[in-house]
>>> print(open('coords.pdb').read())   # PDB, C-alpha atoms, pLDDT in the B column
ATOM      1  CA  GLN O   1       0.000   0.000   0.000  1.00 55.00           C
ATOM      2  CA  LEU O   2       1.465   3.322  -1.086  1.00 69.00           C
ATOM      3  CA  GLY O   3       4.777   1.601  -1.743  1.00 74.00           C
ATOM      4  CA  LYS O   4       5.057   0.249   1.816  1.00 74.00           C
ATOM      5  CA  LEU O   5       6.491  -3.260   2.181  1.00 74.00           C
ATOM      6  CA  ILE O   6       4.543  -5.442   4.611  1.00 73.00           C
ATOM      7  CA  ASN O   7       4.478  -9.076   5.706  1.00 70.00           C
ATOM      8  CA  SER O   8       0.994 -10.451   5.208  1.00 73.00           C
ATOM      9  CA  VAL O   9      -1.139 -13.489   5.956  1.00 70.00           C
ATOM     10  CA  HIS O  10      -3.504 -14.699   3.215  1.00 75.00           C
ATOM     11  CA  ASN O  11      -6.685 -16.766   3.455  1.00 77.00           C
ATOM     12  CA  VAL O  12      -7.992 -17.845   0.045  1.00 85.00           C
ATOM     13  CA  PHE O  13     -11.399 -19.451  -0.466  1.00 86.00           C
ATOM     14  CA  PRO O  14     -12.901 -20.840  -3.712  1.00 90.00           C
ATOM     15  CA  LEU O  15     -16.204 -19.522  -5.084  1.00 92.00           C
ATOM     16  CA  PHE O  16     -18.450 -22.229  -6.510  1.00 91.00           C
ATOM     17  CA  SER O  17     -21.358 -22.143  -8.914  1.00 91.00           C
ATOM     18  CA  GLY O  18     -22.853 -25.571  -8.524  1.00 89.00           C
ATOM     19  CA  GLU O  19     -19.866 -27.911  -8.665  1.00 88.00           C
ATOM     20  CA  LYS O  20     -17.677 -25.583 -10.738  1.00 90.00           C
ATOM     21  CA  ILE O  21     -15.162 -23.131  -9.342  1.00 91.00           C
ATOM     22  CA  LYS O  22     -15.905 -19.686 -10.766  1.00 92.00           C
ATOM     23  CA  GLY O  23     -13.242 -17.758  -8.900  1.00 93.00           C
ATOM     24  CA  CYS O  24     -11.832 -17.134  -5.475  1.00 93.00           C
ATOM     25  CA  ILE O  25     -11.746 -14.532  -2.745  1.00 92.00           C
ATOM     26  CA  CYS O  26      -8.583 -13.622  -0.868  1.00 90.00           C
ATOM     27  CA  PHE O  27      -8.432 -11.966   2.554  1.00 82.00           C
ATOM     28  CA  ILE O  28      -5.119 -10.269   3.306  1.00 81.00           C
ATOM     29  CA  ARG O  29      -4.050  -9.167   6.772  1.00 74.00           C
ATOM     30  CA  ASN O  30      -0.937  -7.347   7.870  1.00 74.00           C
ATOM     31  CA  TYR O  31       1.081  -9.841   9.922  1.00 66.00           C
ATOM     32  CA  GLY O  32       2.380  -7.024  12.100  1.00 66.00           C
ATOM     33  CA  GLU O  33      -1.163  -6.351  13.295  1.00 68.00           C
ATOM     34  CA  ILE O  34      -1.802 -10.062  13.929  1.00 61.00           C
ATOM     35  CA  SER O  35       1.463 -10.427  15.840  1.00 61.00           C
ATOM     36  CA  ALA O  36       0.586  -7.404  17.988  1.00 65.00           C
ATOM     37  CA  GLN O  37      -2.840  -8.933  18.770  1.00 61.00           C
ATOM     38  CA  TYR O  38      -1.170 -12.202  19.767  1.00 58.00           C
ATOM     39  CA  SER O  39       1.319 -10.480  22.062  1.00 61.00           C
ATOM     40  CA  LYS O  40      -1.430  -8.453  23.729  1.00 63.00           C
ATOM     41  CA  ALA O  41      -3.688 -11.488  24.199  1.00 58.00           C
ATOM     42  CA  ALA O  42      -0.867 -13.622  25.627  1.00 58.00           C
ATOM     43  CA  SER O  43       0.151 -10.830  27.986  1.00 60.00           C
ATOM     44  CA  ASN O  44      -3.433 -10.395  29.177  1.00 57.00           C
ATOM     45  CA  LEU O  45      -3.746 -14.125  29.831  1.00 55.00           C
ATOM     46  CA  LYS O  46      -0.577 -14.177  31.926  1.00 54.00           C
ATOM     47  CA  ARG O  47      -1.684 -11.150  33.945  1.00 53.00           C
ATOM     48  CA  ALA O  48      -5.177 -12.579  34.454  1.00 52.00           C
ATOM     49  CA  ASP O  49      -3.809 -15.762  35.984  1.00 53.00           C
ATOM     50  CA  ASN O  50      -0.898 -14.527  38.074  1.00 50.00           C
ATOM     51  CA  GLY O  51      -2.353 -16.093  41.211  1.00 48.00           C
ATOM     52  CA  ASN O  52      -4.317 -13.072  42.377  1.00 44.00           C
ATOM     53  CA  ASN O  53      -7.272 -14.060  40.211  1.00 49.00           C
ATOM     54  CA  ILE O  54      -7.806 -17.526  41.675  1.00 50.00           C
ATOM     55  CA  LYS O  55     -10.451 -16.202  44.067  1.00 50.00           C
ATOM     56  CA  ASN O  56     -12.497 -14.947  41.089  1.00 56.00           C
ATOM     57  CA  ARG O  57     -12.959 -18.400  39.615  1.00 66.00           C
ATOM     58  CA  HIS O  58     -16.165 -20.344  40.081  1.00 70.00           C
ATOM     59  CA  THR O  59     -15.923 -23.268  42.476  1.00 74.00           C
ATOM     60  CA  PHE O  60     -17.641 -26.628  42.637  1.00 74.00           C
ATOM     61  CA  ALA O  61     -19.512 -25.556  45.769  1.00 75.00           C
ATOM     62  CA  GLU O  62     -21.141 -22.635  43.919  1.00 78.00           C
ATOM     63  CA  ILE O  63     -23.143 -24.935  41.645  1.00 80.00           C
ATOM     64  CA  VAL O  64     -26.310 -25.648  43.630  1.00 81.00           C
ATOM     65  CA  THR O  65     -29.119 -27.649  42.062  1.00 82.00           C
ATOM     66  CA  GLN O  66     -31.871 -30.162  42.764  1.00 87.00           C
ATOM     67  CA  ASP O  67     -32.256 -31.128  39.101  1.00 86.00           C
ATOM     68  CA  PRO O  68     -31.435 -34.854  38.666  1.00 90.00           C
ATOM     69  CA  ALA O  69     -29.632 -34.320  35.346  1.00 84.00           C
ATOM     70  CA  MET O  70     -27.503 -31.517  36.795  1.00 82.00           C
ATOM     71  CA  ARG O  71     -26.720 -33.563  39.896  1.00 86.00           C
ATOM     72  CA  GLU O  72     -25.618 -36.419  37.656  1.00 87.00           C
ATOM     73  CA  GLY O  73     -23.414 -33.982  35.745  1.00 82.00           C
ATOM     74  CA  LEU O  74     -21.809 -32.794  38.987  1.00 83.00           C
ATOM     75  CA  GLU O  75     -21.151 -36.384  39.987  1.00 86.00           C
ATOM     76  CA  ILE O  76     -19.471 -37.057  36.638  1.00 85.00           C
ATOM     77  CA  ILE O  77     -17.170 -34.037  36.838  1.00 81.00           C
ATOM     78  CA  SER O  78     -16.251 -34.850  40.447  1.00 83.00           C
ATOM     79  CA  ARG O  79     -15.009 -38.234  39.238  1.00 85.00           C
ATOM     80  CA  SER O  80     -13.289 -36.924  36.111  1.00 85.00           C
ATOM     81  CA  ALA O  81     -11.483 -33.908  37.579  1.00 86.00           C
ATOM     82  CA  ASN O  82      -8.287 -35.828  38.326  1.00 86.00           C
ATOM     83  CA  SER O  83      -8.503 -38.142  35.334  1.00 85.00           C
ATOM     84  CA  PRO O  84      -5.844 -37.572  32.657  1.00 82.00           C
ATOM     85  CA  SER O  85      -8.558 -37.753  30.009  1.00 87.00           C
ATOM     86  CA  PRO O  86      -9.861 -34.586  28.336  1.00 90.00           C
ATOM     87  CA  ILE O  87     -13.436 -33.463  28.977  1.00 91.00           C
ATOM     88  CA  MET O  88     -16.038 -32.120  26.547  1.00 92.00           C
ATOM     89  CA  ILE O  89     -19.005 -30.139  27.812  1.00 91.00           C
ATOM     90  CA  TYR O  90     -22.118 -29.747  25.662  1.00 90.00           C
ATOM     91  CA  GLY O  91     -24.850 -27.213  26.301  1.00 86.00           C
ATOM     92  CA  GLU O  92     -26.739 -24.276  24.860  1.00 87.00           C
ATOM     93  CA  THR O  93     -25.133 -20.842  24.752  1.00 83.00           C
ATOM     94  CA  GLY O  94     -25.312 -19.173  28.155  1.00 82.00           C
ATOM     95  CA  CYS O  95     -26.016 -22.301  30.212  1.00 81.00           C
ATOM     96  CA  GLY O  96     -22.777 -22.039  32.230  1.00 82.00           C
ATOM     97  CA  LYS O  97     -20.291 -24.325  30.480  1.00 87.00           C
ATOM     98  CA  GLU O  98     -17.321 -22.259  31.629  1.00 87.00           C
ATOM     99  CA  MET O  99     -18.590 -22.385  35.217  1.00 86.00           C
ATOM    100  CA  PHE O 100     -18.463 -26.178  35.020  1.00 87.00           C
ATOM    101  CA  ALA O 101     -14.970 -26.036  33.494  1.00 90.00           C
ATOM    102  CA  GLN O 102     -13.746 -23.802  36.321  1.00 88.00           C
ATOM    103  CA  ALA O 103     -15.384 -26.121  38.840  1.00 87.00           C
ATOM    104  CA  VAL O 104     -13.483 -29.086  37.386  1.00 89.00           C
ATOM    105  CA  HIS O 105     -10.234 -27.156  37.762  1.00 90.00           C
ATOM    106  CA  ASP O 106     -11.166 -26.092  41.299  1.00 87.00           C
ATOM    107  CA  ILE O 107     -11.535 -29.646  42.628  1.00 88.00           C
ATOM    108  CA  SER O 108      -8.578 -31.067  40.720  1.00 89.00           C
ATOM    109  CA  SER O 109      -4.970 -31.413  41.848  1.00 88.00           C
ATOM    110  CA  ARG O 110      -4.169 -28.596  39.379  1.00 89.00           C
ATOM    111  CA  ARG O 111      -6.206 -25.990  41.275  1.00 85.00           C
ATOM    112  CA  GLN O 112      -3.159 -23.904  42.199  1.00 86.00           C
ATOM    113  CA  LYS O 113      -1.914 -23.906  38.605  1.00 87.00           C
ATOM    114  CA  THR O 114      -3.000 -21.869  35.602  1.00 85.00           C
ATOM    115  CA  PHE O 115      -6.558 -21.917  34.250  1.00 88.00           C
ATOM    116  CA  MET O 116      -6.852 -20.402  30.774  1.00 87.00           C
ATOM    117  CA  ALA O 117     -10.107 -19.969  28.855  1.00 88.00           C
ATOM    118  CA  ILE O 118      -9.886 -19.519  25.078  1.00 87.00           C
ATOM    119  CA  ASN O 119     -12.887 -18.592  22.915  1.00 87.00           C
ATOM    120  CA  CYS O 120     -12.036 -20.310  19.626  1.00 86.00           C
ATOM    121  CA  ALA O 121     -14.790 -18.418  17.809  1.00 84.00           C
ATOM    122  CA  ALA O 122     -13.422 -15.008  18.767  1.00 80.00           C
ATOM    123  CA  ILE O 123      -9.828 -15.458  17.537  1.00 79.00           C
ATOM    124  CA  PRO O 124      -8.955 -15.282  13.811  1.00 77.00           C
ATOM    125  CA  GLU O 125      -7.892 -18.607  12.301  1.00 75.00           C
ATOM    126  CA  SER O 126      -4.540 -17.168  11.239  1.00 72.00           C
ATOM    127  CA  LEU O 127      -3.826 -16.166  14.844  1.00 79.00           C
ATOM    128  CA  LEU O 128      -5.239 -19.099  16.791  1.00 85.00           C
ATOM    129  CA  GLU O 129      -2.578 -21.696  15.928  1.00 84.00           C
ATOM    130  CA  GLY O 130       0.259 -19.373  16.922  1.00 83.00           C
ATOM    131  CA  MET O 131      -1.526 -18.494  20.169  1.00 83.00           C
ATOM    132  CA  LEU O 132      -2.008 -22.148  21.090  1.00 88.00           C
ATOM    133  CA  PHE O 133       1.318 -23.633  20.015  1.00 88.00           C
ATOM    134  CA  GLY O 134       3.699 -20.665  19.865  1.00 83.00           C
ATOM    135  CA  THR O 135       6.195 -19.680  17.164  1.00 81.00           C
ATOM    136  CA  VAL O 136       9.957 -19.682  16.624  1.00 85.00           C
ATOM    137  CA  LYS O 137      11.992 -16.921  15.066  1.00 80.00           C
ATOM    138  CA  GLY O 138      12.409 -17.446  11.357  1.00 69.00           C
ATOM    139  CA  ALA O 139       9.427 -19.802  10.959  1.00 65.00           C
ATOM    140  CA  PHE O 140       8.038 -17.210   8.561  1.00 64.00           C
ATOM    141  CA  THR O 141       8.802 -13.603   7.839  1.00 61.00           C
ATOM    142  CA  GLY O 142       8.419 -11.574  11.002  1.00 63.00           C
ATOM    143  CA  ALA O 143       7.969 -14.583  13.308  1.00 67.00           C
ATOM    144  CA  MET O 144       9.470 -14.290  16.799  1.00 73.00           C
ATOM    145  CA  ASP O 145      10.244 -16.744  19.590  1.00 79.00           C
ATOM    146  CA  LYS O 146       6.993 -16.844  21.560  1.00 82.00           C
ATOM    147  CA  PRO O 147       5.567 -19.562  23.793  1.00 83.00           C
ATOM    148  CA  GLY O 148       2.015 -20.642  23.081  1.00 84.00           C
ATOM    149  CA  ILE O 149      -0.834 -20.894  25.545  1.00 86.00           C
ATOM    150  CA  MET O 150      -0.273 -24.638  25.911  1.00 88.00           C
ATOM    151  CA  GLU O 151       3.280 -24.003  27.109  1.00 87.00           C
ATOM    152  CA  MET O 152       2.278 -21.135  29.392  1.00 87.00           C
ATOM    153  CA  ALA O 153      -0.450 -23.252  31.007  1.00 87.00           C
ATOM    154  CA  ASP O 154       1.823 -26.272  31.575  1.00 89.00           C
ATOM    155  CA  GLY O 155       0.646 -28.089  34.682  1.00 90.00           C
ATOM    156  CA  GLY O 156      -2.755 -26.399  34.605  1.00 90.00           C
ATOM    157  CA  THR O 157      -6.034 -26.460  32.692  1.00 91.00           C
ATOM    158  CA  ILE O 158      -7.059 -25.062  29.307  1.00 91.00           C
ATOM    159  CA  PHE O 159     -10.717 -24.467  28.506  1.00 92.00           C
ATOM    160  CA  LEU O 160     -11.445 -24.321  24.761  1.00 93.00           C
ATOM    161  CA  GLU O 161     -14.812 -22.666  24.305  1.00 91.00           C
ATOM    162  CA  ALA O 162     -16.659 -23.130  20.978  1.00 91.00           C
ATOM    163  CA  ILE O 163     -14.257 -25.889  19.914  1.00 91.00           C
ATOM    164  CA  ASN O 164     -16.512 -26.511  16.897  1.00 90.00           C
ATOM    165  CA  SER O 165     -15.413 -23.111  15.546  1.00 88.00           C
ATOM    166  CA  MET O 166     -11.775 -24.215  15.436  1.00 89.00           C
ATOM    167  CA  PRO O 167     -10.637 -25.075  11.856  1.00 87.00           C
ATOM    168  CA  LEU O 168     -10.591 -28.835  11.198  1.00 88.00           C
ATOM    169  CA  GLY O 169      -6.874 -28.852  10.385  1.00 87.00           C
ATOM    170  CA  LEU O 170      -6.094 -27.228  13.707  1.00 89.00           C
ATOM    171  CA  GLN O 171      -8.439 -29.623  15.496  1.00 88.00           C
ATOM    172  CA  SER O 172      -6.326 -32.493  14.128  1.00 89.00           C
ATOM    173  CA  LYS O 173      -3.146 -30.857  15.419  1.00 88.00           C
ATOM    174  CA  MET O 174      -4.774 -30.276  18.789  1.00 88.00           C
ATOM    175  CA  LEU O 175      -5.868 -33.931  18.933  1.00 90.00           C
ATOM    176  CA  ARG O 176      -2.270 -35.039  18.378  1.00 89.00           C
ATOM    177  CA  ALA O 177      -1.050 -32.690  21.106  1.00 89.00           C
ATOM    178  CA  ILE O 178      -3.674 -34.019  23.545  1.00 88.00           C
ATOM    179  CA  GLN O 179      -2.807 -37.645  22.781  1.00 89.00           C
ATOM    180  CA  ASP O 180       0.961 -37.196  23.051  1.00 89.00           C
ATOM    181  CA  GLN O 181       1.012 -34.405  25.680  1.00 89.00           C
ATOM    182  CA  LYS O 182       3.567 -32.650  23.480  1.00 91.00           C
ATOM    183  CA  VAL O 183       3.491 -29.373  21.570  1.00 90.00           C
ATOM    184  CA  ARG O 184       5.583 -28.119  18.696  1.00 88.00           C
ATOM    185  CA  ARG O 185       5.883 -24.396  18.073  1.00 87.00           C
ATOM    186  CA  ILE O 186       5.251 -23.288  14.502  1.00 83.00           C
ATOM    187  CA  GLY O 187       8.570 -23.724  12.705  1.00 82.00           C
ATOM    188  CA  ALA O 188      10.244 -25.674  15.529  1.00 82.00           C
ATOM    189  CA  ALA O 189      12.187 -28.888  14.928  1.00 82.00           C
ATOM    190  CA  LYS O 190      11.526 -30.381  18.363  1.00 87.00           C
ATOM    191  CA  GLU O 191       8.466 -31.021  20.493  1.00 88.00           C
ATOM    192  CA  LYS O 192       8.109 -30.034  24.123  1.00 89.00           C
ATOM    193  CA  GLY O 193       6.307 -32.125  26.694  1.00 92.00           C
ATOM    194  CA  VAL O 194       3.449 -30.509  28.614  1.00 91.00           C
ATOM    195  CA  SER O 195       1.034 -31.675  31.311  1.00 91.00           C
ATOM    196  CA  LEU O 196      -2.410 -30.246  30.674  1.00 91.00           C
ATOM    197  CA  LYS O 197      -6.035 -30.900  31.470  1.00 92.00           C
ATOM    198  CA  ILE O 198      -7.985 -30.036  28.315  1.00 92.00           C
ATOM    199  CA  ILE O 199     -11.659 -29.113  28.681  1.00 93.00           C
ATOM    200  CA  SER O 200     -13.582 -28.185  25.568  1.00 93.00           C
ATOM    201  CA  ALA O 201     -17.133 -26.989  25.039  1.00 93.00           C
ATOM    202  CA  THR O 202     -19.584 -26.867  22.190  1.00 92.00           C
ATOM    203  CA  ASN O 203     -23.183 -25.736  21.766  1.00 89.00           C
ATOM    204  CA  THR O 204     -23.896 -28.060  18.828  1.00 86.00           C
TER     205      THR O 204
END
>>> encode(input="coords.pdb", output="structure tokens")
Amino acid sequence: QLGKLINSVHNVFPLFSGEKIKGCICFIRNYGEISAQYSKAASNLKRADNGNNIKNRHTFAEIVTQDPAMREGLEIISRSANSPSPIMIYGETGCGKEMFAQAVHDISSRRQKTFMAINCAAIPESLLEGMLFGTVKGAFTGAMDKPGIMEMADGGTIFLEAINSMPLGLQSKMLRAIQDQKVRRIGAAKEKGVSLKIISATNT
């Protein structure tokens, strides 16, 4: 733009008419802006969970109900809190899925560690992978050495809200990370082991 050289991220999508491709549409974003968003979001997450915010989390004791289905749900999460297996919570928008996720963390052995909540629907696809897994300098033009959320939350719990909004390719990478308990920064040659409780949520 106006002769200025920028590093950009492109998302290209085909345009179909029936079964025939008639063209494509390309969205271009300045990588500098994306990188700045990532740095700000990561910084906010670290500040929000520096230990002073633990008292602001919802606890298991705060969920009071006489509904049989809800009581069964509470019994399930009380048994699964210290299981190494990931948890998926299903429910309509606004029903309190994050409250349940925080309650799981509260009664687990990880309660004094980091709890990070990520809204997958609110973060651009081009930014989400770098936020989760981190980047290494030189991976692409303008990339810097930055830990991802999965590294920063090592030993704690990550809550992935609206997991169904995460791109399928990234879901596959996340599945591998959950299975192996290892993460690889974008552009890195080696993986790093992490210990995480993964809780995801979907409304569909």
>>> closest_residue(input="coords.pdb", among="O:Ile158, O:Ile163, O:Ala81, O:Ala61", to="Lys113 of chain O", atoms="all atoms listed in the file")
O:Ile158
>>> atom_distance(input="coords.pdb", atom1="atom CA of Phe133 of chain O", atom2="atom CA of Arg185 of chain O")
5.0 Å
>>> resolve_selection(input="coords.pdb", expression="the PyMOL selection byres ((chain O and resi 165-173) around 8)", output="PyMOL selection string")
chain O and resi 120-121+125+129+162-164+174-177
>>> atom_distance(input="coords.pdb", atom1="atom CA of Asp67 of chain O", atom2="atom CA of Ile118 of chain O")
28.8 Å
>>> resolve_selection(input="coords.pdb", expression="the PyMOL selection byres ((chain O and resi 179) around 12)", output="PyMOL selection string")
chain O and resi 84-86+172-178+180-183+193-198
>>> residues_around(input="coords.pdb", residues="Cys26 of chain O", least_positions_apart="4", cutoff="12 Å", atoms="all atoms listed in the file", output="ChimeraX atom specification")
/O:8-15
>>> resolve_selection(input="coords.pdb", expression="the PyMOL selection byres ((chain O and resi 78) around 12)", output="number ranges by chain")
O: 59-61, 71-77, 79-83, 87, 100-101, 103-109
>>> atom_distance(input="coords.pdb", atom1="atom CA of Gly130 of chain O", atom2="atom CA of Asp154 of chain O")
16.3 Å
>>> closest_residue(input="coords.pdb", among="O:Thr204, O:Gly156, O:Gly23, O:Gly187", to="Gly134 of chain O", atoms="only C-alpha atoms")
O:Gly187
>>> closest_residue(input="coords.pdb", among="O:Ala69, O:Met99, O:Ile149, O:Ile6", to="Leu128 of chain O", atoms="only C-alpha atoms")
O:Ile149
>>> closest_residue(input="coords.pdb", among="O:Thr65, O:Val136, O:Ser126, O:Lys190", to="Ile28 of chain O", atoms="all atoms listed in the file")
O:Ser126
>>> axis_aligned_box(input="coords.pdb", around="segment 101-110 of chain O", padding_each_side="3 Å", output="AutoDock Vina command-line options")
--center_x -9.8 --center_y -27.6 --center_z 38.1 --size_x 17.2 --size_y 13.6 --size_z 15.1
>>> residues_around(input="coords.pdb", residues="Glu98 of chain O", least_positions_apart="5", cutoff="9 Å", atoms="all atoms listed in the file", output="NGL selection string")
:O and (58 or 89 or 103 or 117 or 159 or 161 or 201)
>>> build_atoms(input="coords.pdb", residues="segment 72-82 of chain O", atoms="all heavy atoms", output="PDB file, in the coordinates of the input")
ATOM      1  N   GLU O  72     -26.398 -35.361  38.310  1.00 87.00           N
ATOM      2  CA  GLU O  72     -25.618 -36.419  37.656  1.00 87.00           C
ATOM      3  C   GLU O  72     -24.371 -35.831  36.991  1.00 87.00           C
ATOM      4  O   GLU O  72     -23.286 -36.415  37.058  1.00 87.00           O
ATOM      5  CB  GLU O  72     -26.470 -37.136  36.603  1.00 87.00           C
ATOM      6  CG  GLU O  72     -25.745 -38.276  35.912  1.00 87.00           C
ATOM      7  CD  GLU O  72     -26.590 -38.944  34.834  1.00 87.00           C
ATOM      8  OE1 GLU O  72     -27.726 -38.493  34.598  1.00 87.00           O
ATOM      9  OE2 GLU O  72     -26.101 -39.919  34.235  1.00 87.00           O
ATOM     10  N   GLY O  73     -24.550 -34.651  36.359  1.00 82.00           N
ATOM     11  CA  GLY O  73     -23.414 -33.982  35.745  1.00 82.00           C
ATOM     12  C   GLY O  73     -22.343 -33.615  36.756  1.00 82.00           C
ATOM     13  O   GLY O  73     -21.142 -33.776  36.502  1.00 82.00           O
ATOM     14  N   LEU O  74     -22.750 -33.133  37.930  1.00 83.00           N
ATOM     15  CA  LEU O  74     -21.809 -32.794  38.987  1.00 83.00           C
ATOM     16  C   LEU O  74     -21.070 -34.026  39.489  1.00 83.00           C
ATOM     17  O   LEU O  74     -19.871 -33.972  39.798  1.00 83.00           O
ATOM     18  CB  LEU O  74     -22.541 -32.110  40.146  1.00 83.00           C
ATOM     19  CG  LEU O  74     -23.091 -30.706  39.857  1.00 83.00           C
ATOM     20  CD1 LEU O  74     -23.947 -30.218  41.015  1.00 83.00           C
ATOM     21  CD2 LEU O  74     -21.951 -29.721  39.609  1.00 83.00           C
ATOM     22  N   GLU O  75     -21.785 -35.137  39.556  1.00 86.00           N
ATOM     23  CA  GLU O  75     -21.151 -36.384  39.987  1.00 86.00           C
ATOM     24  C   GLU O  75     -20.102 -36.830  38.973  1.00 86.00           C
ATOM     25  O   GLU O  75     -19.007 -37.279  39.344  1.00 86.00           O
ATOM     26  CB  GLU O  75     -22.225 -37.473  40.160  1.00 86.00           C
ATOM     27  CG  GLU O  75     -21.679 -38.850  40.491  1.00 86.00           C
ATOM     28  CD  GLU O  75     -20.989 -38.904  41.846  1.00 86.00           C
ATOM     29  OE1 GLU O  75     -21.297 -38.055  42.708  1.00 86.00           O
ATOM     30  OE2 GLU O  75     -20.135 -39.793  42.045  1.00 86.00           O
ATOM     31  N   ILE O  76     -20.419 -36.665  37.695  1.00 85.00           N
ATOM     32  CA  ILE O  76     -19.471 -37.057  36.638  1.00 85.00           C
ATOM     33  C   ILE O  76     -18.207 -36.210  36.700  1.00 85.00           C
ATOM     34  O   ILE O  76     -17.090 -36.730  36.627  1.00 85.00           O
ATOM     35  CB  ILE O  76     -20.133 -36.945  35.246  1.00 85.00           C
ATOM     36  CG1 ILE O  76     -21.223 -38.015  35.096  1.00 85.00           C
ATOM     37  CG2 ILE O  76     -19.088 -37.091  34.137  1.00 85.00           C
ATOM     38  CD1 ILE O  76     -22.062 -37.858  33.845  1.00 85.00           C
ATOM     39  N   ILE O  77     -18.374 -34.877  36.838  1.00 81.00           N
ATOM     40  CA  ILE O  77     -17.170 -34.037  36.838  1.00 81.00           C
ATOM     41  C   ILE O  77     -16.362 -34.229  38.120  1.00 81.00           C
ATOM     42  O   ILE O  77     -15.137 -34.072  38.109  1.00 81.00           O
ATOM     43  CB  ILE O  77     -17.488 -32.543  36.619  1.00 81.00           C
ATOM     44  CG1 ILE O  77     -18.255 -31.936  37.801  1.00 81.00           C
ATOM     45  CG2 ILE O  77     -18.223 -32.315  35.321  1.00 81.00           C
ATOM     46  CD1 ILE O  77     -18.350 -30.424  37.728  1.00 81.00           C
ATOM     47  N   SER O  78     -17.005 -34.599  39.215  1.00 83.00           N
ATOM     48  CA  SER O  78     -16.251 -34.850  40.447  1.00 83.00           C
ATOM     49  C   SER O  78     -15.360 -36.069  40.290  1.00 83.00           C
ATOM     50  O   SER O  78     -14.273 -36.140  40.874  1.00 83.00           O
ATOM     51  CB  SER O  78     -17.194 -35.024  41.630  1.00 83.00           C
ATOM     52  OG  SER O  78     -17.955 -36.208  41.508  1.00 83.00           O
ATOM     53  N   ARG O  79     -15.813 -37.040  39.472  1.00 85.00           N
ATOM     54  CA  ARG O  79     -15.009 -38.234  39.238  1.00 85.00           C
ATOM     55  C   ARG O  79     -13.935 -38.005  38.185  1.00 85.00           C
ATOM     56  O   ARG O  79     -12.892 -38.656  38.203  1.00 85.00           O
ATOM     57  CB  ARG O  79     -15.910 -39.397  38.801  1.00 85.00           C
ATOM     58  CG  ARG O  79     -16.892 -39.875  39.860  1.00 85.00           C
ATOM     59  CD  ARG O  79     -17.442 -41.257  39.522  1.00 85.00           C
ATOM     60  NE  ARG O  79     -18.013 -41.321  38.192  1.00 85.00           N
ATOM     61  CZ  ARG O  79     -19.309 -41.158  37.919  1.00 85.00           C
ATOM     62  NH1 ARG O  79     -20.159 -40.905  38.899  1.00 85.00           N
ATOM     63  NH2 ARG O  79     -19.748 -41.246  36.678  1.00 85.00           N
ATOM     64  N   SER O  80     -14.197 -37.098  37.251  1.00 85.00           N
ATOM     65  CA  SER O  80     -13.289 -36.924  36.111  1.00 85.00           C
ATOM     66  C   SER O  80     -12.251 -35.825  36.314  1.00 85.00           C
ATOM     67  O   SER O  80     -11.342 -35.686  35.507  1.00 85.00           O
ATOM     68  CB  SER O  80     -14.096 -36.610  34.852  1.00 85.00           C
ATOM     69  OG  SER O  80     -14.832 -35.405  35.007  1.00 85.00           O
ATOM     70  N   ALA O  81     -12.365 -35.054  37.381  1.00 86.00           N
ATOM     71  CA  ALA O  81     -11.483 -33.908  37.579  1.00 86.00           C
ATOM     72  C   ALA O  81     -10.013 -34.288  37.599  1.00 86.00           C
ATOM     73  O   ALA O  81      -9.159 -33.575  37.062  1.00 86.00           O
ATOM     74  CB  ALA O  81     -11.852 -33.170  38.865  1.00 86.00           C
ATOM     75  N   ASN O  82      -9.685 -35.417  38.224  1.00 86.00           N
ATOM     76  CA  ASN O  82      -8.287 -35.828  38.326  1.00 86.00           C
ATOM     77  C   ASN O  82      -7.924 -36.936  37.340  1.00 86.00           C
ATOM     78  O   ASN O  82      -6.834 -37.508  37.423  1.00 86.00           O
ATOM     79  CB  ASN O  82      -7.967 -36.273  39.754  1.00 86.00           C
ATOM     80  CG  ASN O  82      -7.829 -35.083  40.682  1.00 86.00           C
ATOM     81  OD1 ASN O  82      -7.091 -34.147  40.404  1.00 86.00           O
ATOM     82  ND2 ASN O  82      -8.566 -35.114  41.794  1.00 86.00           N
TER      83      ASN O  82
END
